[in-house]
$ cat start-v2.pdb   # PDB, C-alpha atoms
ATOM      1  CA  MET A   1     -17.172 -24.010 -24.655
ATOM      2  CA  GLN A   2     -16.598 -22.694 -21.157
ATOM      3  CA  THR A   3     -18.346 -19.484 -20.132
ATOM      4  CA  SER A   4     -17.566 -17.214 -17.239
ATOM      5  CA  GLN A   5     -20.193 -16.690 -14.608
ATOM      6  CA  HIS A   6     -20.642 -13.438 -12.693
ATOM      7  CA  TYR A   7     -20.834 -13.769  -8.917
ATOM      8  CA  PRO A   8     -22.334 -10.695  -7.219
ATOM      9  CA  MET A   9     -20.428  -9.497  -4.181
ATOM     10  CA  THR A  10     -23.260  -9.198  -1.677
ATOM     11  CA  ASP A  11     -21.693 -10.702   1.437
ATOM     12  CA  PHE A  12     -18.299  -8.958   1.531
ATOM     13  CA  ASP A  13     -17.948  -5.315   2.533
ATOM     14  CA  ARG A  14     -14.240  -4.700   3.236
ATOM     15  CA  SER A  15     -10.768  -6.058   2.617
ATOM     16  CA  TYR A  16      -7.420  -5.976   4.435
ATOM     17  CA  THR A  17      -3.922  -7.017   3.535
ATOM     18  CA  PHE A  18      -1.910  -7.882   6.639
ATOM     19  CA  ILE A  19       1.829  -7.338   6.685
ATOM     20  CA  TYR A  20       4.113  -8.232   9.590
ATOM     21  CA  TYR A  21       6.495  -5.781  11.255
ATOM     22  CA  GLU A  22       9.187  -6.125  13.872
ATOM     23  CA  GLU A  23       8.515  -2.526  15.054
ATOM     24  CA  LEU A  24       5.027  -1.055  14.525
ATOM     25  CA  GLY A  25       6.133   2.566  15.007
ATOM     26  CA  ARG A  26       8.102   2.452  11.784
ATOM     27  CA  ALA A  27       4.905   1.695   9.882
ATOM     28  CA  ALA A  28       3.192   4.809  11.286
ATOM     29  CA  ALA A  29       6.004   7.049  10.078
ATOM     30  CA  PHE A  30       5.522   5.713   6.543
ATOM     31  CA  TYR A  31       1.825   4.933   6.075
ATOM     32  CA  ARG A  32       0.354   7.667   8.314
ATOM     33  CA  ASP A  33       2.931  10.446   8.159
ATOM     34  CA  LEU A  34       4.295  10.169   4.604
ATOM     35  CA  LEU A  35       1.337   8.693   2.686
ATOM     36  CA  GLY A  36      -1.338  10.359   4.817
ATOM     37  CA  LEU A  37      -3.412   7.217   5.391
ATOM     38  CA  ARG A  38      -5.926   7.249   8.246
ATOM     39  CA  GLU A  39      -4.629   5.190  11.171
ATOM     40  CA  GLU A  40      -6.858   2.930  13.271
ATOM     41  CA  HIS A  41      -5.537   0.920  16.218
ATOM     42  CA  GLU A  42      -7.305  -2.415  16.427
ATOM     43  CA  SER A  43      -5.182  -3.484  19.396
ATOM     44  CA  ASP A  44      -1.714  -2.874  20.808
ATOM     45  CA  TRP A  45      -0.328  -5.217  18.137
ATOM     46  CA  VAL A  46      -2.475  -4.457  15.036
ATOM     47  CA  THR A  47      -2.854  -1.106  13.303
ATOM     48  CA  ARG A  48      -4.849  -0.511  10.132
ATOM     49  CA  TYR A  49      -4.011   2.169   7.572
ATOM     50  CA  TRP A  50      -7.064   2.940   5.455
ATOM     51  CA  VAL A  51      -6.404   3.364   1.728
ATOM     52  CA  THR A  52     -10.130   3.683   0.901
ATOM     53  CA  ASP A  53     -13.309   3.391   2.961
ATOM     54  CA  ASP A  54     -13.340  -0.382   2.444
ATOM     55  CA  TYR A  55      -9.663  -1.372   2.055
ATOM     56  CA  ALA A  56      -6.883  -1.154   4.618
ATOM     57  CA  ILE A  57      -3.316  -2.294   5.042
ATOM     58  CA  GLY A  58      -3.107  -3.997   8.427
ATOM     59  CA  VAL A  59       0.270  -3.908  10.151
ATOM     60  CA  VAL A  60       0.746  -6.683  12.705
ATOM     61  CA  GLN A  61       3.439  -7.006  15.357
ATOM     62  CA  SER A  62       5.599 -10.000  14.471
ATOM     63  CA  GLY A  63       4.908 -13.004  16.670
ATOM     64  CA  ARG A  64       1.473 -11.810  17.800
ATOM     65  CA  GLY A  65      -0.619 -12.612  14.723
ATOM     66  CA  PHE A  66      -1.017 -15.612  12.474
ATOM     67  CA  LEU A  67       2.415 -15.146  10.835
ATOM     68  CA  LYS A  68       5.803 -13.756  11.772
ATOM     69  CA  ALA A  69       7.849 -11.113  10.002
ATOM     70  CA  ALA A  70      10.206 -12.693   7.477
ATOM     71  CA  GLU A  71      13.280 -11.498   5.611
ATOM     72  CA  ASP A  72      11.713 -12.309   2.229
ATOM     73  CA  LYS A  73       8.752 -10.046   1.341
ATOM     74  CA  PRO A  74       7.143 -11.614  -1.763
ATOM     75  CA  VAL A  75       4.297  -9.099  -1.985
ATOM     76  CA  ILE A  76       3.696  -5.720  -3.608
ATOM     77  CA  LEU A  77       1.268  -3.331  -1.968
ATOM     78  CA  CYS A  78      -0.359  -1.394  -4.815
ATOM     79  CA  ILE A  79      -1.946   1.911  -3.864
ATOM     80  CA  GLY A  80      -3.894   3.738  -6.567
ATOM     81  CA  LEU A  81      -4.079   7.515  -6.528
ATOM     82  CA  ASN A  82      -7.216   9.314  -7.650
ATOM     83  CA  ASP A  83      -7.104  11.309 -10.876
ATOM     84  CA  GLU A  84      -6.649  14.673  -9.138
ATOM     85  CA  ALA A  85      -3.712  13.650  -6.922
ATOM     86  CA  ASP A  86      -0.175  14.805  -7.715
ATOM     87  CA  ILE A  87       1.852  11.600  -8.108
ATOM     88  CA  TRP A  88       5.078  13.595  -8.527
ATOM     89  CA  ALA A  89       4.516  15.278  -5.137
ATOM     90  CA  TYR A  90       4.169  11.854  -3.504
ATOM     91  CA  HIS A  91       7.330  10.611  -5.239
ATOM     92  CA  ASN A  92       9.292  13.685  -4.160
ATOM     93  CA  ARG A  93       7.980  13.579  -0.572
ATOM     94  CA  LEU A  94       9.023   9.951  -0.146
ATOM     95  CA  LYS A  95      12.396  10.446  -1.832
ATOM     96  CA  GLU A  96      13.184  13.541   0.260
ATOM     97  CA  ALA A  97      12.256  11.609   3.427
ATOM     98  CA  GLY A  98      14.947   9.045   2.587
ATOM     99  CA  VAL A  99      12.588   6.264   1.520
ATOM    100  CA  LYS A 100      14.318   3.623  -0.595
ATOM    101  CA  MET A 101      13.077   4.151  -4.153
ATOM    102  CA  HIS A 102      12.990   1.337  -6.719
ATOM    103  CA  THR A 103      12.305   3.692  -9.622
ATOM    104  CA  SER A 104      14.294   6.885 -10.044
ATOM    105  CA  GLU A 105      11.275   8.874 -11.222
ATOM    106  CA  VAL A 106       7.587   8.582 -12.009
ATOM    107  CA  GLU A 107       7.276   6.399 -15.092
ATOM    108  CA  LEU A 108       4.523   6.587 -17.685
ATOM    109  CA  ARG A 109       3.397   3.121 -18.755
ATOM    110  CA  GLU A 110       0.851   2.349 -21.433
ATOM    111  CA  VAL A 111      -1.319   0.017 -19.333
ATOM    112  CA  GLU A 112      -0.783   1.114 -15.723
ATOM    113  CA  GLY A 113      -0.458   4.869 -16.256
ATOM    114  CA  ARG A 114       1.862   6.870 -14.009
ATOM    115  CA  ILE A 115       3.733   4.635 -11.596
ATOM    116  CA  PHE A 116       6.636   4.385  -9.169
ATOM    117  CA  PHE A 117       7.909   1.801  -6.707
ATOM    118  CA  CYS A 118       9.439   2.310  -3.285
ATOM    119  CA  GLU A 119      10.069   0.298  -0.124
ATOM    120  CA  ASP A 120       8.429   0.693   3.267
ATOM    121  CA  PRO A 121      10.540   0.555   6.458
ATOM    122  CA  GLU A 122      10.071  -3.211   6.879
ATOM    123  CA  GLY A 123      11.145  -3.933   3.281
ATOM    124  CA  TYR A 124       7.767  -4.382   1.573
ATOM    125  CA  THR A 125       7.577  -3.047  -1.971
ATOM    126  CA  VAL A 126       4.935  -0.345  -2.393
ATOM    127  CA  GLU A 127       3.646   0.571  -5.847
ATOM    128  CA  ILE A 128       2.033   3.978  -6.224
ATOM    129  CA  VAL A 129      -0.008   4.118  -9.431
ATOM    130  CA  GLN A 130      -2.311   6.561 -11.151
ATOM    131  CA  ARG A 131      -4.454   5.331 -14.021
ATOM    132  CA  PRO A 132      -3.865   6.848 -17.452
ATOM    133  CA  ARG A 133      -5.737  10.052 -18.108
ATOM    134  CA  SER A 134      -8.140   9.807 -20.996
ATOM    135  CA  GLY A 135      -8.159  12.333 -23.765
TER     136      GLY A 135
END
$ encode --input "start-v2.pdb" --output "structure tokens"
Amino acid sequence: MQTSQHYPMTDFDRSYTFIYYEELGRAAAFYRDLLGLREEHESDWVTRYWVTDDYAIGVVQSGRGFLKAAEDKPVILCIGLNDEADIWAYHNRLKEAGVKMHTSEVELREVEGRIFFCEDPEGYTVEIVQRPRSG
């Protein structure tokens, strides 16, 4: 019988997901202006958008980092809202700003909770999710 072993996370203190953009300014309009994420410029070709104190989405200028921007975007950026946030306000703000929406409204799912999908300016799918409320 195989058992799982717990590995304490003592050495790691932050995480980034890097996505590659042809034009960095388009990322700011979405992640900073529409979602309200804190923006941090690492260099003239890398900008981080902080989702939490220890997780950021890093946007890299195509051709300057390890990878290049590609037509196919086989990744979903999942951003979880806290319990007090208004997921419908986020959905409406993005929709009214002309963001391409992949769900027509906020959906209620048994496992994920409240959820909707949209697309950032470079074509990456962004999932906004809020865990189910208990009670």
$ residues_around --input "start-v2.pdb" --residues "A:Ile19" --least-positions-apart "2" --cutoff "8 Å" --atoms "only C-alpha atoms" --output "ChimeraX atom specification"
/A:17,21,57-60,69
$ write_last_selection --input "start-v2.pdb" --atoms "C-alpha atoms" --output "mmCIF file, in the coordinates of the input"
data_model
loop_
_atom_site.group_PDB
_atom_site.id
_atom_site.type_symbol
_atom_site.label_atom_id
_atom_site.label_comp_id
_atom_site.auth_asym_id
_atom_site.auth_seq_id
_atom_site.Cartn_x
_atom_site.Cartn_y
_atom_site.Cartn_z
ATOM 1 C CA THR A 17 -3.922 -7.017 3.535
ATOM 2 C CA TYR A 21 6.495 -5.781 11.255
ATOM 3 C CA ILE A 57 -3.316 -2.294 5.042
ATOM 4 C CA GLY A 58 -3.107 -3.997 8.427
ATOM 5 C CA VAL A 59 0.270 -3.908 10.151
ATOM 6 C CA VAL A 60 0.746 -6.683 12.705
ATOM 7 C CA ALA A 69 7.849 -11.113 10.002
#
$ resolve_selection --input "start-v2.pdb" --expression "the PyMOL selection byres ((chain A and resi 39) around 10)" --output "list in words"
Ala28, Tyr31, Arg32, Asp33, Gly36, Leu37, Arg38, Glu40, His41, Glu42, Thr47, Arg48, Tyr49, Trp50, Val51, Ala56, Ile57 and Gly58 of chain A
$ residues_around --input "start-v2.pdb" --residues "A:Phe116" --least-positions-apart "2" --cutoff "8 Å" --atoms "only C-alpha atoms" --output "PyMOL selection string"
chain A and resi 91+102-103+105-107+114+118+127-129
$ atom_distance --input "start-v2.pdb" --atom1 "atom CA of A:Leu77" --atom2 "atom CA of A:Ser62"
18.3 Å
$ atom_distance --input "start-v2.pdb" --atom1 "atom CA of A:Ile79" --atom2 "atom CA of A:Thr52"
9.6 Å
$ resolve_selection --input "start-v2.pdb" --expression "the PyMOL selection byres ((chain A and resi 95) around 12)" --output "ChimeraX atom specification"
/A:30,34,88-94,96-106,116-120
$ decode --input "start-v2.pdb" --residues "chain A" --atoms "C-alpha atoms" --output "mmCIF file, in the first residue's frame"
data_model
loop_
_atom_site.group_PDB
_atom_site.id
_atom_site.type_symbol
_atom_site.label_atom_id
_atom_site.label_comp_id
_atom_site.auth_asym_id
_atom_site.auth_seq_id
_atom_site.Cartn_x
_atom_site.Cartn_y
_atom_site.Cartn_z
ATOM 1 C CA MET A 1 0.000 0.000 0.000
ATOM 2 C CA GLN A 2 1.348 3.383 -1.014
ATOM 3 C CA THR A 3 1.013 6.263 1.436
ATOM 4 C CA SER A 4 1.310 9.951 0.771
ATOM 5 C CA GLN A 5 4.006 11.882 2.531
ATOM 6 C CA HIS A 6 3.648 15.512 3.597
ATOM 7 C CA TYR A 7 6.481 17.815 2.562
ATOM 8 C CA PRO A 8 6.565 21.074 4.550
ATOM 9 C CA MET A 9 7.053 24.179 2.449
ATOM 10 C CA THR A 10 9.887 25.842 4.342
ATOM 11 C CA ASP A 11 12.131 26.998 1.507
ATOM 12 C CA PHE A 12 9.626 28.637 -0.861
ATOM 13 C CA ASP A 13 8.056 32.005 -0.093
ATOM 14 C CA ARG A 14 6.464 33.264 -3.334
ATOM 15 C CA SER A 15 5.216 32.165 -6.728
ATOM 16 C CA TYR A 16 4.850 33.758 -10.171
ATOM 17 C CA THR A 17 3.219 32.702 -13.388
ATOM 18 C CA PHE A 18 4.884 34.356 -16.374
ATOM 19 C CA ILE A 19 2.874 35.120 -19.481
ATOM 20 C CA TYR A 20 4.295 36.642 -22.662
ATOM 21 C CA TYR A 21 2.916 39.773 -24.322
ATOM 22 C CA GLU A 22 3.639 41.539 -27.573
ATOM 23 C CA GLU A 23 2.689 44.904 -25.971
ATOM 24 C CA LEU A 24 3.103 45.306 -22.192
ATOM 25 C CA GLY A 25 0.844 48.373 -21.949
ATOM 26 C CA ARG A 26 -2.183 46.280 -22.807
ATOM 27 C CA ALA A 27 -1.558 44.151 -19.726
ATOM 28 C CA ALA A 28 -1.598 47.221 -17.451
ATOM 29 C CA ALA A 29 -5.000 48.288 -18.747
ATOM 30 C CA PHE A 30 -6.404 44.873 -17.810
ATOM 31 C CA TYR A 31 -4.564 43.655 -14.709
ATOM 32 C CA ARG A 32 -3.933 47.035 -13.028
ATOM 33 C CA ASP A 33 -6.821 49.188 -14.215
ATOM 34 C CA LEU A 34 -9.700 46.697 -14.505
ATOM 35 C CA LEU A 35 -8.784 44.054 -11.900
ATOM 36 C CA GLY A 36 -7.058 46.475 -9.527
ATOM 37 C CA LEU A 37 -3.911 44.387 -9.038
ATOM 38 C CA ARG A 38 -0.834 46.121 -7.626
ATOM 39 C CA GLU A 39 1.725 46.720 -10.378
ATOM 40 C CA GLU A 40 5.472 46.296 -9.859
ATOM 41 C CA HIS A 41 8.005 46.948 -12.619
ATOM 42 C CA GLU A 42 10.874 44.498 -12.369
ATOM 43 C CA SER A 43 12.514 45.924 -15.491
ATOM 44 C CA ASP A 44 11.516 47.637 -18.726
ATOM 45 C CA TRP A 45 10.408 44.241 -20.061
ATOM 46 C CA VAL A 46 8.868 42.499 -16.996
ATOM 47 C CA THR A 47 5.951 43.734 -14.911
ATOM 48 C CA ARG A 48 4.387 41.838 -12.021
ATOM 49 C CA TYR A 49 0.732 42.132 -11.024
ATOM 50 C CA TRP A 50 0.271 40.984 -7.437
ATOM 51 C CA VAL A 51 -2.800 38.824 -6.794
ATOM 52 C CA THR A 52 -1.819 38.162 -3.152
ATOM 53 C CA ASP A 53 1.213 39.061 -1.047
ATOM 54 C CA ASP A 54 3.038 35.956 -2.284
ATOM 55 C CA TYR A 55 1.641 35.299 -5.787
ATOM 56 C CA ALA A 56 1.965 37.446 -8.891
ATOM 57 C CA ILE A 57 1.254 37.223 -12.585
ATOM 58 C CA GLY A 58 4.423 38.295 -14.375
ATOM 59 C CA VAL A 59 3.977 39.832 -17.814
ATOM 60 C CA VAL A 60 7.074 39.583 -20.003
ATOM 61 C CA GLN A 61 7.809 41.388 -23.258
ATOM 62 C CA SER A 62 7.923 38.797 -26.031
ATOM 63 C CA GLY A 63 11.452 38.036 -27.176
ATOM 64 C CA ARG A 64 13.122 39.365 -24.022
ATOM 65 C CA GLY A 65 12.466 36.505 -21.598
ATOM 66 C CA PHE A 66 12.847 32.757 -21.726
ATOM 67 C CA LEU A 67 9.882 32.292 -24.110
ATOM 68 C CA LYS A 68 8.153 34.245 -26.845
ATOM 69 C CA ALA A 69 4.495 35.156 -27.154
ATOM 70 C CA ALA A 70 2.600 32.503 -29.102
ATOM 71 C CA GLU A 71 -0.769 32.383 -30.832
ATOM 72 C CA ASP A 72 -1.869 29.358 -28.786
ATOM 73 C CA LYS A 73 -2.396 30.140 -25.073
ATOM 74 C CA PRO A 74 -2.854 26.747 -23.352
ATOM 75 C CA VAL A 75 -3.128 28.176 -19.838
ATOM 76 C CA ILE A 76 -5.882 29.485 -17.577
ATOM 77 C CA LEU A 77 -5.017 32.122 -15.010
ATOM 78 C CA CYS A 78 -7.301 31.458 -12.035
ATOM 79 C CA ILE A 79 -7.816 34.371 -9.670
ATOM 80 C CA GLY A 80 -9.789 33.696 -6.495
ATOM 81 C CA LEU A 81 -11.840 36.460 -4.929
ATOM 82 C CA ASN A 82 -12.179 36.730 -1.167
ATOM 83 C CA ASP A 83 -15.556 36.007 0.404
ATOM 84 C CA GLU A 84 -16.517 39.680 0.765
ATOM 85 C CA ALA A 85 -15.790 40.700 -2.842
ATOM 86 C CA ASP A 86 -18.624 41.322 -5.302
ATOM 87 C CA ILE A 87 -17.993 38.899 -8.178
ATOM 88 C CA TRP A 88 -20.911 40.360 -10.156
ATOM 89 C CA ALA A 89 -19.321 43.836 -10.000
ATOM 90 C CA TYR A 90 -16.094 42.415 -11.444
ATOM 91 C CA HIS A 91 -18.019 40.616 -14.200
ATOM 92 C CA ASN A 92 -19.957 43.765 -15.089
ATOM 93 C CA ARG A 93 -16.861 46.003 -14.998
ATOM 94 C CA LEU A 94 -14.977 43.740 -17.398
ATOM 95 C CA LYS A 95 -17.962 43.260 -19.705
ATOM 96 C CA GLU A 96 -18.683 47.007 -19.840
ATOM 97 C CA ALA A 97 -15.004 47.662 -20.650
ATOM 98 C CA GLY A 98 -15.350 45.464 -23.744
ATOM 99 C CA VAL A 99 -13.388 42.500 -22.400
ATOM 100 C CA LYS A 100 -14.108 39.295 -24.309
ATOM 101 C CA MET A 101 -16.244 37.156 -21.999
ATOM 102 C CA HIS A 102 -16.329 33.355 -22.242
ATOM 103 C CA THR A 103 -19.325 33.042 -19.925
ATOM 104 C CA SER A 104 -22.360 35.263 -20.363
ATOM 105 C CA GLU A 105 -22.899 35.644 -16.619
ATOM 106 C CA VAL A 106 -21.558 34.566 -13.251
ATOM 107 C CA GLU A 107 -22.251 30.855 -12.911
ATOM 108 C CA LEU A 108 -22.840 28.986 -9.670
ATOM 109 C CA ARG A 109 -21.059 25.632 -9.670
ATOM 110 C CA GLU A 110 -21.251 23.025 -6.947
ATOM 111 C CA VAL A 111 -17.491 22.554 -6.507
ATOM 112 C CA GLU A 112 -15.923 25.850 -7.602
ATOM 113 C CA GLY A 113 -18.584 28.257 -6.330
ATOM 114 C CA ARG A 114 -19.283 31.448 -8.270
ATOM 115 C CA ILE A 115 -17.235 31.622 -11.447
ATOM 116 C CA PHE A 116 -16.793 33.346 -14.795
ATOM 117 C CA PHE A 117 -14.236 33.246 -17.590
ATOM 118 C CA CYS A 118 -12.919 36.075 -19.728
ATOM 119 C CA GLU A 119 -9.919 36.809 -21.942
ATOM 120 C CA ASP A 120 -7.092 39.249 -21.317
ATOM 121 C CA PRO A 121 -5.830 41.503 -24.144
ATOM 122 C CA GLU A 122 -3.171 39.000 -25.261
ATOM 123 C CA GLY A 123 -5.690 36.129 -25.450
ATOM 124 C CA TYR A 124 -5.026 34.341 -22.150
ATOM 125 C CA THR A 125 -8.101 32.893 -20.468
ATOM 126 C CA VAL A 126 -8.711 34.340 -17.005
ATOM 127 C CA GLU A 127 -10.977 32.550 -14.538
ATOM 128 C CA ILE A 128 -12.437 34.635 -11.731
ATOM 129 C CA VAL A 129 -13.744 32.379 -8.961
ATOM 130 C CA GLN A 130 -15.241 32.787 -5.522
ATOM 131 C CA ARG A 131 -15.488 29.751 -3.272
ATOM 132 C CA PRO A 132 -18.951 28.583 -2.241
ATOM 133 C CA ARG A 133 -20.363 30.307 0.797
ATOM 134 C CA SER A 134 -21.066 27.954 3.650
ATOM 135 C CA GLY A 135 -24.378 27.916 5.406
#
